[in-house]
>>> print(open('structure34.pdb').read())   # PDB, N, CA and C atoms
ATOM      1  N   MET Z   1       0.830  -1.166   0.000
ATOM      2  CA  MET Z   1       0.000   0.000   0.000
ATOM      3  C   MET Z   1       0.884   1.242   0.000
ATOM      4  N   LYS Z   2       0.537   2.220  -0.833
ATOM      5  CA  LYS Z   2       1.290   3.467  -0.904
ATOM      6  C   LYS Z   2       0.727   4.450   0.111
ATOM      7  N   THR Z   3       1.641   5.096   0.809
ATOM      8  CA  THR Z   3       1.197   6.140   1.743
ATOM      9  C   THR Z   3       1.142   7.463   0.993
ATOM     10  N   PRO Z   4       0.159   8.306   1.299
ATOM     11  CA  PRO Z   4       0.085   9.589   0.601
ATOM     12  C   PRO Z   4       1.275  10.480   0.967
ATOM     13  N   SER Z   5       1.712  11.258   0.015
ATOM     14  CA  SER Z   5       2.857  12.142   0.226
ATOM     15  C   SER Z   5       2.434  13.311   1.108
ATOM     16  N   THR Z   6       3.295  13.648   2.053
ATOM     17  CA  THR Z   6       3.002  14.795   2.918
ATOM     18  C   THR Z   6       3.728  16.042   2.449
ATOM     19  N   GLU Z   7       4.488  15.930   1.371
ATOM     20  CA  GLU Z   7       5.166  17.103   0.826
ATOM     21  C   GLU Z   7       4.189  17.914  -0.001
ATOM     22  N   VAL Z   8       4.158  19.194   0.280
ATOM     23  CA  VAL Z   8       3.302  20.092  -0.484
ATOM     24  C   VAL Z   8       4.188  21.217  -0.995
ATOM     25  N   GLY Z   9       4.205  21.407  -2.268
ATOM     26  CA  GLY Z   9       5.011  22.461  -2.880
ATOM     27  C   GLY Z   9       4.132  23.615  -3.330
ATOM     28  N   PRO Z  10       4.769  24.676  -3.728
ATOM     29  CA  PRO Z  10       3.999  25.848  -4.139
ATOM     30  C   PRO Z  10       3.191  25.614  -5.414
ATOM     31  N   GLY Z  11       3.684  24.818  -6.309
ATOM     32  CA  GLY Z  11       2.922  24.475  -7.495
ATOM     33  C   GLY Z  11       2.973  25.536  -8.585
ATOM     34  N   MET Z  12       2.295  25.199  -9.644
ATOM     35  CA  MET Z  12       2.284  26.055 -10.829
ATOM     36  C   MET Z  12       1.555  27.370 -10.580
ATOM     37  N   TRP Z  13       0.454  27.354  -9.844
ATOM     38  CA  TRP Z  13      -0.322  28.577  -9.614
ATOM     39  C   TRP Z  13       0.454  29.592  -8.777
ATOM     40  N   ALA Z  14       1.287  29.141  -7.883
ATOM     41  CA  ALA Z  14       2.117  30.064  -7.105
ATOM     42  C   ALA Z  14       3.123  30.750  -8.023
ATOM     43  N   PHE Z  15       3.693  29.989  -8.961
ATOM     44  CA  PHE Z  15       4.613  30.588  -9.925
ATOM     45  C   PHE Z  15       3.899  31.631 -10.775
ATOM     46  N   VAL Z  16       2.704  31.322 -11.253
ATOM     47  CA  VAL Z  16       1.946  32.251 -12.086
ATOM     48  C   VAL Z  16       1.618  33.516 -11.290
ATOM     49  N   ALA Z  17       1.192  33.356 -10.040
ATOM     50  CA  ALA Z  17       0.865  34.516  -9.216
ATOM     51  C   ALA Z  17       2.102  35.385  -8.989
ATOM     52  N   PHE Z  18       3.239  34.754  -8.696
ATOM     53  CA  PHE Z  18       4.478  35.505  -8.484
ATOM     54  C   PHE Z  18       4.902  36.230  -9.755
ATOM     55  N   PHE Z  19       4.764  35.569 -10.897
ATOM     56  CA  PHE Z  19       5.130  36.179 -12.167
ATOM     57  C   PHE Z  19       4.246  37.394 -12.463
ATOM     58  N   VAL Z  20       2.951  37.282 -12.204
ATOM     59  CA  VAL Z  20       2.031  38.403 -12.436
ATOM     60  C   VAL Z  20       2.384  39.567 -11.517
ATOM     61  N   LEU Z  21       2.695  39.294 -10.253
ATOM     62  CA  LEU Z  21       3.086  40.363  -9.327
ATOM     63  C   LEU Z  21       4.389  41.031  -9.775
ATOM     64  N   ALA Z  22       5.355  40.244 -10.223
ATOM     65  CA  ALA Z  22       6.622  40.804 -10.694
ATOM     66  C   ALA Z  22       6.400  41.669 -11.934
ATOM     67  N   LEU Z  23       5.546  41.235 -12.834
ATOM     68  CA  LEU Z  23       5.235  42.004 -14.034
ATOM     69  C   LEU Z  23       4.543  43.319 -13.675
ATOM     70  N   ALA Z  24       3.605  43.263 -12.729
ATOM     71  CA  ALA Z  24       2.914  44.490 -12.294
ATOM     72  C   ALA Z  24       3.907  45.460 -11.651
ATOM     73  N   LEU Z  25       4.813  44.951 -10.847
ATOM     74  CA  LEU Z  25       5.817  45.816 -10.223
ATOM     75  C   LEU Z  25       6.704  46.458 -11.284
ATOM     76  N   TRP Z  26       7.122  45.697 -12.279
ATOM     77  CA  TRP Z  26       7.962  46.237 -13.341
ATOM     78  C   TRP Z  26       7.236  47.351 -14.093
ATOM     79  N   LEU Z  27       5.961  47.150 -14.396
ATOM     80  CA  LEU Z  27       5.189  48.178 -15.110
ATOM     81  C   LEU Z  27       5.021  49.430 -14.259
ATOM     82  N   LEU Z  28       4.759  49.271 -12.968
ATOM     83  CA  LEU Z  28       4.623  50.427 -12.087
ATOM     84  C   LEU Z  28       5.927  51.206 -11.972
ATOM     85  N   MET Z  29       7.045  50.513 -11.841
ATOM     86  CA  MET Z  29       8.344  51.190 -11.732
ATOM     87  C   MET Z  29       8.669  51.931 -13.032
ATOM     88  N   ARG Z  30       8.366  51.314 -14.159
ATOM     89  CA  ARG Z  30       8.621  51.952 -15.446
ATOM     90  C   ARG Z  30       7.806  53.245 -15.573
ATOM     91  N   SER Z  31       6.555  53.169 -15.165
ATOM     92  CA  SER Z  31       5.692  54.346 -15.216
ATOM     93  C   SER Z  31       6.200  55.442 -14.275
ATOM     94  N   MET Z  32       6.615  55.052 -13.070
ATOM     95  CA  MET Z  32       7.095  56.024 -12.095
ATOM     96  C   MET Z  32       8.349  56.732 -12.605
ATOM     97  N   PHE Z  33       9.298  55.991 -13.150
ATOM     98  CA  PHE Z  33      10.526  56.608 -13.645
ATOM     99  C   PHE Z  33      10.242  57.540 -14.820
ATOM    100  N   GLY Z  34       9.291  57.180 -15.667
ATOM    101  CA  GLY Z  34       8.909  58.061 -16.768
ATOM    102  C   GLY Z  34       8.321  59.367 -16.259
ATOM    103  N   ARG Z  35       7.463  59.284 -15.252
ATOM    104  CA  ARG Z  35       6.867  60.500 -14.687
ATOM    105  C   ARG Z  35       7.928  61.361 -14.000
ATOM    106  N   LEU Z  36       8.829  60.735 -13.270
ATOM    107  CA  LEU Z  36       9.897  61.488 -12.607
ATOM    108  C   LEU Z  36      10.786  62.186 -13.629
ATOM    109  N   ARG Z  37      11.059  61.526 -14.732
ATOM    110  CA  ARG Z  37      11.882  62.116 -15.782
ATOM    111  C   ARG Z  37      11.189  63.343 -16.372
ATOM    112  N   ARG Z  38       9.866  63.230 -16.614
ATOM    113  CA  ARG Z  38       9.123  64.373 -17.159
ATOM    114  C   ARG Z  38       9.082  65.532 -16.174
ATOM    115  N   ILE Z  39       8.907  65.244 -14.886
ATOM    116  CA  ILE Z  39       8.894  66.300 -13.875
ATOM    117  C   ILE Z  39      10.247  66.985 -13.830
ATOM    118  N   ASN Z  40      11.313  66.209 -13.874
ATOM    119  CA  ASN Z  40      12.663  66.767 -13.827
ATOM    120  C   ASN Z  40      12.922  67.649 -15.046
ATOM    121  N   LEU Z  41      12.510  67.208 -16.224
ATOM    122  CA  LEU Z  41      12.709  68.005 -17.436
ATOM    123  C   LEU Z  41      11.874  69.281 -17.392
ATOM    124  N   ALA Z  42      10.644  69.191 -16.897
ATOM    125  CA  ALA Z  42       9.801  70.381 -16.804
ATOM    126  C   ALA Z  42      10.401  71.390 -15.834
ATOM    127  N   GLU Z  43      10.933  70.912 -14.721
ATOM    128  CA  GLU Z  43      11.568  71.802 -13.739
ATOM    129  C   GLU Z  43      12.801  72.464 -14.345
ATOM    130  N   ARG Z  44      13.585  71.700 -15.081
ATOM    131  CA  ARG Z  44      14.780  72.244 -15.718
ATOM    132  C   ARG Z  44      14.409  73.305 -16.754
ATOM    133  N   ASP Z  45      13.361  73.046 -17.540
ATOM    134  CA  ASP Z  45      12.908  74.024 -18.532
ATOM    135  C   ASP Z  45      12.398  75.292 -17.855
ATOM    136  N   ARG Z  46      11.666  75.140 -16.751
ATOM    137  CA  ARG Z  46      11.141  76.299 -16.035
ATOM    138  C   ARG Z  46      12.277  77.154 -15.483
ATOM    139  N   GLU Z  47      13.295  76.508 -14.892
ATOM    140  CA  GLU Z  47      14.436  77.247 -14.362
ATOM    141  C   GLU Z  47      15.203  77.968 -15.475
ATOM    142  N   GLN Z  48      15.350  77.315 -16.626
ATOM    143  CA  GLN Z  48      16.044  77.940 -17.750
ATOM    144  C   GLN Z  48      15.256  79.149 -18.261
ATOM    145  N   ALA Z  49      13.940  79.027 -18.325
ATOM    146  CA  ALA Z  49      13.111  80.145 -18.774
ATOM    147  C   ALA Z  49      13.217  81.318 -17.794
ATOM    148  N   GLU Z  50      13.250  81.018 -16.504
ATOM    149  CA  GLU Z  50      13.398  82.083 -15.509
ATOM    150  C   GLU Z  50      14.748  82.787 -15.655
ATOM    151  N   ARG Z  51      15.808  81.994 -15.883
ATOM    152  CA  ARG Z  51      17.130  82.585 -16.071
ATOM    153  C   ARG Z  51      17.154  83.494 -17.304
ATOM    154  N   GLU Z  52      16.573  83.012 -18.417
ATOM    155  CA  GLU Z  52      16.539  83.811 -19.645
ATOM    156  C   GLU Z  52      15.736  85.089 -19.436
ATOM    157  N   ARG Z  53      14.610  84.983 -18.720
ATOM    158  CA  ARG Z  53      13.786  86.155 -18.451
ATOM    159  C   ARG Z  53      14.557  87.161 -17.601
ATOM    160  N   ALA Z  54      15.304  86.671 -16.615
ATOM    161  CA  ALA Z  54      16.095  87.565 -15.767
ATOM    162  C   ALA Z  54      17.217  88.218 -16.572
ATOM    163  N   GLU Z  55      17.833  87.465 -17.473
ATOM    164  CA  GLU Z  55      18.887  88.040 -18.314
ATOM    165  C   GLU Z  55      18.325  89.117 -19.232
ATOM    166  N   ARG Z  56      17.150  88.849 -19.824
ATOM    167  CA  ARG Z  56      16.521  89.838 -20.693
ATOM    168  C   ARG Z  56      16.155  91.091 -19.904
ATOM    169  N   ALA Z  57      15.654  90.897 -18.689
ATOM    170  CA  ALA Z  57      15.300  92.045 -17.849
ATOM    171  C   ALA Z  57      16.563  92.825 -17.490
ATOM    172  N   GLY Z  58      17.649  92.132 -17.236
ATOM    173  CA  GLY Z  58      18.918  92.789 -16.925
ATOM    174  C   GLY Z  58      19.449  93.561 -18.114
ATOM    175  N   LEU Z  59      19.352  92.993 -19.317
ATOM    176  CA  LEU Z  59      19.810  93.687 -20.520
ATOM    177  C   LEU Z  59      18.932  94.902 -20.800
ATOM    178  N   ALA Z  60      17.621  94.769 -20.585
ATOM    179  CA  ALA Z  60      16.715  95.893 -20.816
ATOM    180  C   ALA Z  60      17.010  97.003 -19.808
ATOM    181  N   ARG Z  61      17.307  96.641 -18.576
ATOM    182  CA  ARG Z  61      17.607  97.621 -17.551
ATOM    183  C   ARG Z  61      18.907  98.346 -17.885
ATOM    184  N   ASP Z  62      19.917  97.598 -18.355
ATOM    185  CA  ASP Z  62      21.193  98.209 -18.732
ATOM    186  C   ASP Z  62      21.012  99.134 -19.938
ATOM    187  N   ALA Z  63      20.191  98.742 -20.901
ATOM    188  CA  ALA Z  63      19.979  99.535 -22.105
ATOM    189  C   ALA Z  63      19.222 100.825 -21.792
ATOM    190  N   SER Z  64      18.367 100.785 -20.773
ATOM    191  CA  SER Z  64      17.590 101.979 -20.452
ATOM    192  C   SER Z  64      18.394 102.974 -19.623
ATOM    193  N   GLY Z  65      19.600 102.598 -19.207
ATOM    194  CA  GLY Z  65      20.474 103.509 -18.496
ATOM    195  C   GLY Z  65      20.309 103.476 -16.985
ATOM    196  N   GLU Z  66      19.448 102.595 -16.493
ATOM    197  CA  GLU Z  66      19.284 102.499 -15.039
ATOM    198  C   GLU Z  66      20.439 101.717 -14.455
ATOM    199  N   GLY Z  67      20.691 101.949 -13.186
ATOM    200  CA  GLY Z  67      21.746 101.221 -12.496
ATOM    201  C   GLY Z  67      21.289  99.832 -12.122
ATOM    202  N   GLU Z  68      22.200  99.095 -11.549
ATOM    203  CA  GLU Z  68      21.879  97.737 -11.128
ATOM    204  C   GLU Z  68      21.054  97.770  -9.863
ATOM    205  N   GLU Z  69      20.307  96.702  -9.658
ATOM    206  CA  GLU Z  69      19.550  96.574  -8.417
ATOM    207  C   GLU Z  69      20.510  96.372  -7.263
ATOM    208  N   PRO Z  70      20.145  96.818  -6.081
ATOM    209  CA  PRO Z  70      21.006  96.533  -4.941
ATOM    210  C   PRO Z  70      21.031  95.032  -4.700
ATOM    211  N   SER Z  71      22.210  94.504  -4.480
ATOM    212  CA  SER Z  71      22.326  93.065  -4.279
ATOM    213  C   SER Z  71      22.050  92.726  -2.828
ATOM    214  N   SER Z  72      21.830  91.442  -2.608
ATOM    215  CA  SER Z  72      21.558  90.993  -1.249
ATOM    216  C   SER Z  72      22.846  90.545  -0.564
ATOM    217  N   GLN Z  73      23.988  90.971  -1.067
ATOM    218  CA  GLN Z  73      25.249  90.585  -0.467
ATOM    219  C   GLN Z  73      25.771  91.722   0.396
ATOM    220  N   ASP Z  74      26.376  91.326   1.509
ATOM    221  CA  ASP Z  74      26.991  92.341   2.351
ATOM    222  C   ASP Z  74      28.439  92.543   1.906
ATOM    223  N   ALA Z  75      29.199  93.302   2.649
ATOM    224  CA  ALA Z  75      30.571  93.635   2.267
ATOM    225  C   ALA Z  75      31.466  92.401   2.171
ATOM    226  N   SER Z  76      31.137  91.348   2.905
ATOM    227  CA  SER Z  76      31.977  90.152   2.875
ATOM    228  C   SER Z  76      31.724  89.307   1.634
ATOM    229  N   GLY Z  77      30.675  89.623   0.858
ATOM    230  CA  GLY Z  77      30.382  88.862  -0.343
ATOM    231  C   GLY Z  77      29.468  87.688  -0.084
ATOM    232  N   VAL Z  78      29.002  87.517   1.127
ATOM    233  CA  VAL Z  78      28.124  86.406   1.465
ATOM    234  C   VAL Z  78      26.690  86.912   1.402
ATOM    235  N   GLY Z  79      25.853  86.220   0.656
ATOM    236  CA  GLY Z  79      24.470  86.644   0.511
ATOM    237  C   GLY Z  79      23.646  86.264   1.725
ATOM    238  N   ASP Z  80      22.517  86.948   1.896
ATOM    239  CA  ASP Z  80      21.637  86.635   3.009
ATOM    240  C   ASP Z  80      20.359  85.944   2.556
ATOM    241  N   ARG Z  81      20.306  85.550   1.285
ATOM    242  CA  ARG Z  81      19.138  84.840   0.784
ATOM    243  C   ARG Z  81      19.189  83.386   1.212
ATOM    244  N   SER Z  82      18.010  82.804   1.387
ATOM    245  CA  SER Z  82      17.978  81.381   1.728
ATOM    246  C   SER Z  82      18.238  80.571   0.465
ATOM    247  N   GLU Z  83      18.802  79.424   0.621
ATOM    248  CA  GLU Z  83      19.148  78.572  -0.514
ATOM    249  C   GLU Z  83      18.205  77.389  -0.621
ATOM    250  N   GLU Z  84      17.015  77.477  -0.028
ATOM    251  CA  GLU Z  84      16.092  76.369  -0.057
ATOM    252  C   GLU Z  84      15.591  76.079  -1.467
ATOM    253  N   GLY Z  85      15.418  77.116  -2.267
ATOM    254  CA  GLY Z  85      14.864  76.927  -3.602
ATOM    255  C   GLY Z  85      15.893  76.433  -4.608
ATOM    256  N   GLU Z  86      17.162  76.475  -4.264
ATOM    257  CA  GLU Z  86      18.185  76.056  -5.214
ATOM    258  C   GLU Z  86      18.302  74.547  -5.218
ATOM    259  N   ARG Z  87      18.421  73.993  -6.411
ATOM    260  CA  ARG Z  87      18.554  72.546  -6.546
ATOM    261  C   ARG Z  87      19.631  72.237  -7.556
ATOM    262  N   ARG Z  88      20.199  71.066  -7.405
ATOM    263  CA  ARG Z  88      21.125  70.597  -8.425
ATOM    264  C   ARG Z  88      20.315  70.029  -9.572
ATOM    265  N   GLY Z  89      20.851  70.098 -10.767
ATOM    266  CA  GLY Z  89      20.118  69.636 -11.938
ATOM    267  C   GLY Z  89      19.928  68.141 -12.019
ATOM    268  N   ASP Z  90      20.763  67.367 -11.336
ATOM    269  CA  ASP Z  90      20.676  65.920 -11.466
ATOM    270  C   ASP Z  90      19.800  65.290 -10.389
ATOM    271  N   GLU Z  91      19.212  66.074  -9.500
ATOM    272  CA  GLU Z  91      18.347  65.498  -8.472
ATOM    273  C   GLU Z  91      17.018  65.162  -9.060
ATOM    274  N   VAL Z  92      16.429  64.142  -8.523
ATOM    275  CA  VAL Z  92      15.112  63.718  -8.993
ATOM    276  C   VAL Z  92      14.091  64.053  -7.959
TER     277      VAL Z  92
END
>>> encode(input="structure34.pdb", output="structure tokens")
Amino acid sequence: MKTPSTEVGPGMWAFVAFFVLALALWLLMRSMFGRLRRINLAERDREQAERERAERAGLARDASGEGEEPSSQDASGVGDRSEEGERRGDEV
């Protein structure tokens, strides 16, 4: 007489479930990285546009004969503006 096996393995359905979860994770990560890339590019474009606008305003001010704006730097050359808004270009 054969005794029934007491070994129980995960089986084919466990593999299929794991594969589906791995595929869903891969798709979500791909989507997230794409969105982060677009946000980073949009931020970079916005900063570049602001810089160009400031340069144009500076050139227009120089052409009109007005002096420069007072800077926020003291005699030591150290500014008193906060640097919270400044970011490196490679940060996500």
>>> atom_distance(input="structure34.pdb", atom1="atom N of Z:Phe15", atom2="atom CA of Z:Phe33")
27.9 Å
>>> atom_distance(input="structure34.pdb", atom1="atom CA of Z:Ala60", atom2="atom CA of Z:Asp45")
22.3 Å
>>> atom_distance(input="structure34.pdb", atom1="atom CA of Z:Asp62", atom2="atom CA of Z:Arg44")
26.9 Å
>>> decode(input="structure34.pdb", residues="stretch 26-42 of chain Z", atoms="N, CA, C and O atoms", output="tab-separated table (two decimals), in the first residue's frame")
chain	number	residue	atom	x	y	z
Z	26	TRP	N	7.12	45.70	-12.28
Z	26	TRP	CA	7.96	46.24	-13.34
Z	26	TRP	C	7.24	47.35	-14.09
Z	26	TRP	O	7.82	48.40	-14.37
Z	27	LEU	N	5.96	47.15	-14.40
Z	27	LEU	CA	5.19	48.18	-15.11
Z	27	LEU	C	5.02	49.43	-14.26
Z	27	LEU	O	5.13	50.56	-14.77
Z	28	LEU	N	4.76	49.27	-12.97
Z	28	LEU	CA	4.62	50.43	-12.09
Z	28	LEU	C	5.93	51.21	-11.97
Z	28	LEU	O	5.92	52.44	-11.99
Z	29	MET	N	7.05	50.51	-11.84
Z	29	MET	CA	8.34	51.19	-11.73
Z	29	MET	C	8.67	51.93	-13.03
Z	29	MET	O	9.17	53.04	-13.00
Z	30	ARG	N	8.37	51.31	-14.16
Z	30	ARG	CA	8.62	51.95	-15.45
Z	30	ARG	C	7.81	53.24	-15.57
Z	30	ARG	O	8.31	54.28	-16.01
Z	31	SER	N	6.56	53.17	-15.16
Z	31	SER	CA	5.69	54.35	-15.22
Z	31	SER	C	6.20	55.44	-14.27
Z	31	SER	O	6.23	56.62	-14.64
Z	32	MET	N	6.61	55.05	-13.07
Z	32	MET	CA	7.09	56.02	-12.09
Z	32	MET	C	8.35	56.73	-12.61
Z	32	MET	O	8.46	57.96	-12.50
Z	33	PHE	N	9.30	55.99	-13.15
Z	33	PHE	CA	10.53	56.61	-13.64
Z	33	PHE	C	10.24	57.54	-14.82
Z	33	PHE	O	10.86	58.59	-14.96
Z	34	GLY	N	9.29	57.18	-15.67
Z	34	GLY	CA	8.91	58.06	-16.77
Z	34	GLY	C	8.32	59.37	-16.26
Z	34	GLY	O	8.64	60.45	-16.75
Z	35	ARG	N	7.46	59.28	-15.25
Z	35	ARG	CA	6.87	60.50	-14.69
Z	35	ARG	C	7.93	61.36	-14.00
Z	35	ARG	O	7.91	62.59	-14.13
Z	36	LEU	N	8.83	60.74	-13.27
Z	36	LEU	CA	9.90	61.49	-12.61
Z	36	LEU	C	10.79	62.19	-13.63
Z	36	LEU	O	11.21	63.32	-13.42
Z	37	ARG	N	11.06	61.53	-14.73
Z	37	ARG	CA	11.88	62.12	-15.78
Z	37	ARG	C	11.19	63.34	-16.37
Z	37	ARG	O	11.80	64.39	-16.57
Z	38	ARG	N	9.87	63.23	-16.61
Z	38	ARG	CA	9.12	64.37	-17.16
Z	38	ARG	C	9.08	65.53	-16.17
Z	38	ARG	O	9.20	66.70	-16.57
Z	39	ILE	N	8.91	65.24	-14.89
Z	39	ILE	CA	8.89	66.30	-13.88
Z	39	ILE	C	10.25	66.98	-13.83
Z	39	ILE	O	10.33	68.21	-13.76
Z	40	ASN	N	11.31	66.21	-13.87
Z	40	ASN	CA	12.66	66.77	-13.83
Z	40	ASN	C	12.92	67.65	-15.05
Z	40	ASN	O	13.48	68.74	-14.93
Z	41	LEU	N	12.51	67.21	-16.22
Z	41	LEU	CA	12.71	68.01	-17.44
Z	41	LEU	C	11.87	69.28	-17.39
Z	41	LEU	O	12.34	70.35	-17.81
Z	42	ALA	N	10.64	69.19	-16.90
Z	42	ALA	CA	9.80	70.38	-16.80
Z	42	ALA	C	10.40	71.39	-15.83
Z	42	ALA	O	10.40	72.60	-16.10
